[in-house]
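Note sheet for the following structure.
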Amino acid sequence: MAASLSSVMPATGAALFFRRLFRRKLVLAAAIILLIAIVAALFAALITPFDPGAMRVARRLRAPDGVNWFGTDELGRDVFSRIIWGGRASLGIGAAVVIFSVSIGGLLGLLAGYFRRLDAVIMRIVDALMALPDILLAIFLVAVLGASAFNVILALAIVYTPRVIRVVRASTLVVRELPFVEAARALGVSLHRILFVHVLLNVASPILVQATFIFAYAVLAEAGLSFLGAGVPPDIPTWGTMIASGQQYADRAFWVVLFPGLAIVLVALSLQILGDGLRDMLDPKLRKAL
Amino acid sequence: MESAPLLEITDLSVTFRGEAGESTPVRGVSLSVNANETHAVVGESGSGKSVTSLAVMGLLPKASSRISGGAIRYRRRDGLTSDLAHASDGEMRRLRGAEIAMIFQEPMTSLNPVLTIGEQIAEAVRLHLGYDRARAKARAVEMLALVEIPDAARRADDYPHHMSGGMRQRAMIALAMSCNPALLIADEPTTALDVTIQAQVLKLIDRLRLETGMGVLFITHNLGVVAEIANRVSVFYAGEVVESAEKRPLFHAPRHPYTRALLDCLPARAKRDENNRRILNPIPGQVAPVKAGCGFAPRCVHARAWCHEVAPALEAEDGRVIRCHRWQEVA
């Protein structure tokens, strides 16, 4: 809807929301870190001083200095440039996992929550998937599908979709019983619209919160998979592959694993903090306590 | 008054299937609503009045209930008659909102909290009247003004939580009225409101009925509300109509012992006749399972042995119907 005159008033919904969200400095810091990471990933080519693949054997395993800010790795590649490009891959994979699992999980969760017959079928599959440890299931899937960036996305999406289904189903079960759903039916609104407008909008906030957590898990899991060699092939720089290939030099050149490790920790932690902040904001019971 | 009623429910029964077997909370109910008339349905909780209204709307839960008898004849705007008891889902959906609208008891939760009032009205208007976005928005503002919401243009952009209970119920009415329904079903629309707001909302519904000539099926447990708004009244007890009459005769000369007992409970009457004030006998356990005899007999001060054994039939007497063996002796 177009901006109305009421947006001139002191605080519109969105502005108030962000002001409240960022009142906690930790959440604000997390959001800024994420923003920097995302901008750096988007404009990697403009920011990085070196080609992430360019090898200069003469300068291998150099400590951080004025030229190579984060040092160089075992093939003389610039760690800083590789972290930026690696972030592009890691964040991209994370984002793709979120998009996959939230859209499919959201749809299946809505259907499971709304239609009792489907519920039994969908939730048994979800239970079965959730009974397996996340990382083992992901390793198994990548092993079956083959190691590639796309297959890592697919595997992690399969791992995290059940979480979304659970959350959305639980919220849908609550929302479907609310009188406004019946009121919408009494107005002749179609089932399709009730489900994808009236119910979906009301379960959007738990989906959003879940999405930030899954983003964090996916970044961590991609690093874990790559580290274990069951993830992205080593020639593509991601934070996980950088640590994996750098681990054997960690005793001589700590920077080859420290900086990608820091990047993972910072981004995952920031996502978790932002997710917590959103959850506290969107849950009316917790909001009162703030 | 027109000859053919707008809505004619004949011998309607609704059966629910539960874990403990089947129960029939609505048994052989007949009532009719004419255009430009408010027919009030009064009864206690569980007397079947809401189930009856849901049956008319086709909103009974499909998994656990069915219409087990009777017909709900509705005279459509195109002049044809539909039997809503056996209408298809598609037909019901076209009628709901467009011709038959409903307002609910809970104004706090009957509006979607994440859509603005204007968006919700616009949704209905676009669906049934085929308006485009701009016209639908204008219609929403027009409807909000019609239900006397001040500053309607700005209020249309409000979310339900910005509004008070009374204003939300007005918005709910605006939503229901947005597609010019011929029949409005109001299921306890004022129960959740305080008394002054209640009176305003009742006046509003009555004004809209007069202006549009729609029929209103008004469900309530409050006889004070009935006195204000109804033209005709049907009293429900345990899933049956026990008495049905024009408002005035019903209030002045109630025939059925249950109607009399209900009226005797009204504070205004009790004051007038302090010595005669009576409290309705409490419900003896469960009301629902009536195997034989009159449903009200276990609570009736006038019950005789045969009342417990033989179910009374509806008896007609100049424009009203009564379901009681002894009404002539008792009255």
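Going by the structure tokens order, chains are called A, B, ..., each with residues numbered from 1, while ligands are numbered from 1 in the order shown.
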
Can you check which parts of chain A lie within 6 Å of chain B? Per residue, the shortest pair of atoms and distance in Å to one decimal, counting only C-alpha atoms, sorted by chain and number, as CSV.
```
residue,atom,partner,partner_atom,distance
A:Pro179,CA,B:Ser110,CA,4.8
A:Phe180,CA,B:Ser110,CA,3.9
A:Ala183,CA,B:Ser110,CA,5.9
A:Ala186,CA,B:Arg96,CA,5.7
A:Leu187,CA,B:Gly97,CA,3.8
A:Gly188,CA,B:Arg93,CA,4.6
```

Could you write those residues out with N, CA and C atoms, as a compact mmCIF listing (two decimals), in the first residue's frame?
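Saved as result27.txt:
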```txt
# COMPACT_ATOMS: atom_id res chain seq x y z
N PRO A 179 -10.75 -17.01 15.32
CA PRO A 179 -12.02 -16.66 14.70
C PRO A 179 -11.89 -15.95 13.35
N PHE A 180 -10.81 -15.21 13.13
CA PHE A 180 -10.77 -14.47 11.87
C PHE A 180 -10.65 -15.39 10.66
N ALA A 183 -14.13 -16.15 10.08
CA ALA A 183 -14.75 -14.93 9.57
C ALA A 183 -14.41 -14.75 8.08
N ALA A 186 -16.52 -17.04 6.21
CA ALA A 186 -17.89 -16.53 6.18
C ALA A 186 -18.05 -15.41 5.15
N LEU A 187 -16.92 -14.84 4.73
CA LEU A 187 -16.98 -13.80 3.70
C LEU A 187 -16.81 -14.40 2.31
N GLY A 188 -16.68 -15.72 2.25
CA GLY A 188 -16.55 -16.36 0.94
C GLY A 188 -15.14 -16.35 0.39
```

* Tell me, as a PyMOL selection string, which residues lie within 7 Å of segment 200-209 of chain B, counting only C-alpha atoms; anything in the same chain fewer than 4 positions away does not count. => chain B and resi 36+147+196+213-215+229

* So what do you get for atom CA of Glu37 of chain B versus atom CA of Val51 of chain B, distance-wise? -> 21.1 Å

* **For segment 134-142 of chain B: contacts at 6 Å, only C-alpha atoms, fewer than 3 positions along chain excluded, given as an MDAnalysis selection string** => chainID B and resid 118 121:122 125 131 145 152:153

* To do: Identify all residues of segment 129-210 of chain B in helix (DSSP H, G or I) (DSSP on the backbone) and supply them as number ranges by chain.
  => B: 129, 133-146, 152-155, 160-162, 165-177, 195-210

For the selection just defined, write its residues with N, CA and C atoms to a file, as a short mmCIF file (atom, residue, chain, number, x, y, z; two decimals), in the first residue's frame.
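See selection19.cif below for the written result:
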```cif
data_model
loop_
_atom_site.label_atom_id
_atom_site.label_comp_id
_atom_site.auth_asym_id
_atom_site.auth_seq_id
_atom_site.Cartn_x
_atom_site.Cartn_y
_atom_site.Cartn_z
N LEU B 129 -17.61 -8.17 -5.66
CA LEU B 129 -18.13 -7.14 -6.56
C LEU B 129 -17.20 -6.89 -7.73
N ARG B 133 -8.46 -2.31 -7.33
CA ARG B 133 -7.84 -1.92 -6.07
C ARG B 133 -8.32 -0.55 -5.57
N ALA B 134 -8.32 0.42 -6.45
CA ALA B 134 -8.65 1.78 -6.05
C ALA B 134 -10.11 1.89 -5.62
N ARG B 135 -10.99 1.29 -6.42
CA ARG B 135 -12.42 1.36 -6.08
C ARG B 135 -12.70 0.61 -4.79
N ALA B 136 -12.01 -0.51 -4.62
CA ALA B 136 -12.22 -1.30 -3.40
C ALA B 136 -11.80 -0.50 -2.18
N LYS B 137 -10.70 0.21 -2.31
CA LYS B 137 -10.22 1.03 -1.20
C LYS B 137 -11.24 2.13 -0.88
N ALA B 138 -11.76 2.75 -1.94
CA ALA B 138 -12.76 3.80 -1.75
C ALA B 138 -14.01 3.23 -1.08
N ARG B 139 -14.38 2.03 -1.51
CA ARG B 139 -15.54 1.37 -0.93
C ARG B 139 -15.32 1.10 0.57
N ALA B 140 -14.10 0.70 0.90
CA ALA B 140 -13.78 0.42 2.30
C ALA B 140 -13.97 1.67 3.15
N VAL B 141 -13.47 2.79 2.63
CA VAL B 141 -13.62 4.04 3.37
C VAL B 141 -15.10 4.41 3.51
N GLU B 142 -15.81 4.23 2.41
CA GLU B 142 -17.25 4.52 2.41
C GLU B 142 -17.99 3.67 3.46
N MET B 143 -17.62 2.38 3.52
CA MET B 143 -18.28 1.49 4.48
C MET B 143 -17.94 1.88 5.91
N LEU B 144 -16.70 2.26 6.16
CA LEU B 144 -16.32 2.65 7.51
C LEU B 144 -17.06 3.91 7.92
N ALA B 145 -17.27 4.81 6.96
CA ALA B 145 -18.04 6.01 7.27
C ALA B 145 -19.49 5.63 7.56
N LEU B 146 -19.99 4.66 6.81
CA LEU B 146 -21.38 4.23 6.99
C LEU B 146 -21.62 3.68 8.39
N ALA B 152 -12.85 8.14 8.66
CA ALA B 152 -12.80 6.81 8.05
C ALA B 152 -11.62 6.64 7.11
N ALA B 153 -11.26 7.69 6.38
CA ALA B 153 -10.18 7.57 5.39
C ALA B 153 -8.87 7.19 6.07
N ARG B 154 -8.65 7.75 7.25
CA ARG B 154 -7.41 7.44 7.95
C ARG B 154 -7.52 6.10 8.68
N ARG B 155 -8.72 5.86 9.22
CA ARG B 155 -8.95 4.62 9.96
C ARG B 155 -8.81 3.38 9.10
N PRO B 160 -6.31 -3.79 13.24
CA PRO B 160 -7.33 -4.01 14.27
C PRO B 160 -6.87 -3.63 15.68
N HIS B 161 -5.58 -3.84 15.98
CA HIS B 161 -5.17 -3.55 17.36
C HIS B 161 -5.12 -2.06 17.66
N HIS B 162 -5.25 -1.23 16.62
CA HIS B 162 -5.33 0.21 16.87
C HIS B 162 -6.71 0.62 17.35
N GLY B 165 -12.68 -2.12 21.17
CA GLY B 165 -13.60 -3.22 20.90
C GLY B 165 -14.83 -2.79 20.13
N GLY B 166 -15.43 -1.68 20.55
CA GLY B 166 -16.63 -1.21 19.88
C GLY B 166 -16.35 -0.81 18.44
N MET B 167 -15.20 -0.19 18.24
CA MET B 167 -14.86 0.25 16.89
C MET B 167 -14.56 -0.95 16.00
N ARG B 168 -13.93 -1.95 16.59
CA ARG B 168 -13.65 -3.17 15.83
C ARG B 168 -14.95 -3.86 15.41
N GLN B 169 -15.93 -3.85 16.31
CA GLN B 169 -17.18 -4.49 15.95
C GLN B 169 -17.86 -3.70 14.84
N ARG B 170 -17.72 -2.37 14.85
CA ARG B 170 -18.24 -1.57 13.74
C ARG B 170 -17.51 -1.93 12.45
N ALA B 171 -16.19 -2.08 12.56
CA ALA B 171 -15.41 -2.44 11.37
C ALA B 171 -15.85 -3.80 10.84
N MET B 172 -16.12 -4.70 11.79
CA MET B 172 -16.61 -6.05 11.43
C MET B 172 -17.94 -5.92 10.68
N ILE B 173 -18.80 -5.05 11.17
CA ILE B 173 -20.10 -4.85 10.51
C ILE B 173 -19.89 -4.24 9.13
N ALA B 174 -18.95 -3.28 9.06
CA ALA B 174 -18.64 -2.67 7.75
C ALA B 174 -18.18 -3.74 6.78
N LEU B 175 -17.35 -4.64 7.27
CA LEU B 175 -16.84 -5.74 6.45
C LEU B 175 -18.00 -6.62 5.97
N ALA B 176 -18.88 -6.97 6.91
CA ALA B 176 -20.01 -7.84 6.55
C ALA B 176 -20.95 -7.16 5.56
N MET B 177 -21.10 -5.84 5.72
CA MET B 177 -22.07 -5.12 4.90
C MET B 177 -21.49 -4.66 3.56
N VAL B 195 -22.08 -2.13 27.91
CA VAL B 195 -23.48 -1.88 27.65
C VAL B 195 -23.75 -0.66 26.77
N THR B 196 -23.00 0.41 26.97
CA THR B 196 -23.27 1.60 26.16
C THR B 196 -22.90 1.36 24.70
N ILE B 197 -21.77 0.68 24.49
CA ILE B 197 -21.34 0.37 23.13
C ILE B 197 -22.34 -0.60 22.50
N GLN B 198 -22.81 -1.54 23.32
CA GLN B 198 -23.80 -2.51 22.88
C GLN B 198 -25.00 -1.80 22.24
N ALA B 199 -25.51 -0.80 22.94
CA ALA B 199 -26.69 -0.08 22.45
C ALA B 199 -26.39 0.60 21.12
N GLN B 200 -25.19 1.18 20.99
CA GLN B 200 -24.82 1.83 19.73
C GLN B 200 -24.76 0.83 18.58
N VAL B 201 -24.16 -0.32 18.87
CA VAL B 201 -24.01 -1.31 17.81
C VAL B 201 -25.37 -1.86 17.38
N LEU B 202 -26.25 -2.08 18.36
CA LEU B 202 -27.60 -2.55 18.03
C LEU B 202 -28.32 -1.53 17.15
N LYS B 203 -28.20 -0.27 17.52
CA LYS B 203 -28.85 0.79 16.75
C LYS B 203 -28.31 0.82 15.33
N LEU B 204 -27.00 0.62 15.25
CA LEU B 204 -26.36 0.62 13.93
C LEU B 204 -26.89 -0.52 13.06
N ILE B 205 -26.96 -1.70 13.62
CA ILE B 205 -27.46 -2.84 12.85
C ILE B 205 -28.90 -2.58 12.41
N ASP B 206 -29.68 -2.04 13.33
CA ASP B 206 -31.08 -1.78 12.99
C ASP B 206 -31.20 -0.71 11.90
N ARG B 207 -30.36 0.30 11.99
CA ARG B 207 -30.38 1.36 10.96
C ARG B 207 -30.00 0.78 9.60
N LEU B 208 -28.96 -0.05 9.59
CA LEU B 208 -28.54 -0.63 8.32
C LEU B 208 -29.63 -1.54 7.74
N ARG B 209 -30.35 -2.24 8.61
CA ARG B 209 -31.44 -3.09 8.13
C ARG B 209 -32.52 -2.23 7.47
N LEU B 210 -32.86 -1.13 8.14
CA LEU B 210 -33.89 -0.25 7.58
C LEU B 210 -33.45 0.33 6.24
#
```

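The spacing separating atom CA of Arg169 of chain A from atom CA of Ala157 of chain A amounts to 17.6 Å.
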
* To do: Tell me, as a ChimeraX atom specification, which residues lie within 12 Å of segment 268-279 of chain A, counting only C-alpha atoms; anything in the same chain fewer than 4 positions away does not count.
  => /A:17-38,87,90-91,94-95,204-223,239,261-264,283-287,290

* Within 12 Å of Trp306 of chain B using only C-alpha atoms, minus same-chain residues under 4 positions, as a ChimeraX atom specification -> /B:292-294,297-298,302,310-312,324-326

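Straight-line separation from atom CA of Ile149 of chain B to atom CA of Thr38 of chain B: 23.6 Å.
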
* Got a sec: who's within 7 Å of segment 5-7 of chain B, counting only C-alpha atoms, leaving out chain neighbours fewer than 2 positions off, as a PyMOL selection string? -> chain B and resi 2-3+9+32-35+73-75

Could you take the residues named above and write them with C-alpha atoms, as a PDB file, in the first residue's frame?
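Writing done, so here's part19.pdb:
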```pdb
ATOM      1  CA  GLU B   2     -43.329  -9.921   1.586  1.00  0.00           C
ATOM      2  CA  SER B   3     -45.031 -13.222   1.103  1.00  0.00           C
ATOM      3  CA  ILE B   9     -35.413 -23.262   7.645  1.00  0.00           C
ATOM      4  CA  SER B  32     -37.918 -18.079   8.743  1.00  0.00           C
ATOM      5  CA  VAL B  33     -36.500 -14.637   8.159  1.00  0.00           C
ATOM      6  CA  ASN B  34     -38.223 -12.130   5.902  1.00  0.00           C
ATOM      7  CA  ALA B  35     -36.537  -9.289   4.138  1.00  0.00           C
ATOM      8  CA  ARG B  73     -34.260 -22.570   1.611  1.00  0.00           C
ATOM      9  CA  TYR B  74     -32.714 -19.267   0.701  1.00  0.00           C
ATOM     10  CA  ARG B  75     -34.278 -16.967  -1.888  1.00  0.00           C
TER      11      ARG B  75
END
```

* **For segment 242-251 of chain B: contacts at 7 Å, only C-alpha atoms, fewer than 2 positions along chain excluded, given as a ChimeraX atom specification** => /B:230-237,240,253-254,256,319-323

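Considering the residues A:Val256, A:Leu225, A:Arg88, A:Val175 and counting only C-alpha atoms, Leu141 of chain A has its shortest atom-to-atom contact with A:Leu225.
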
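Nearest to Glu228 of chain B of all the residues B:Arg126, B:Arg255, B:His39, B:His86 is B:His39, counting only C-alpha atoms.
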
* Selected residue of minimal separation from Leu145 of chain A among A:Val189, A:Leu118, A:Leu129, A:Ala230, counting only C-alpha atoms -> A:Ala230
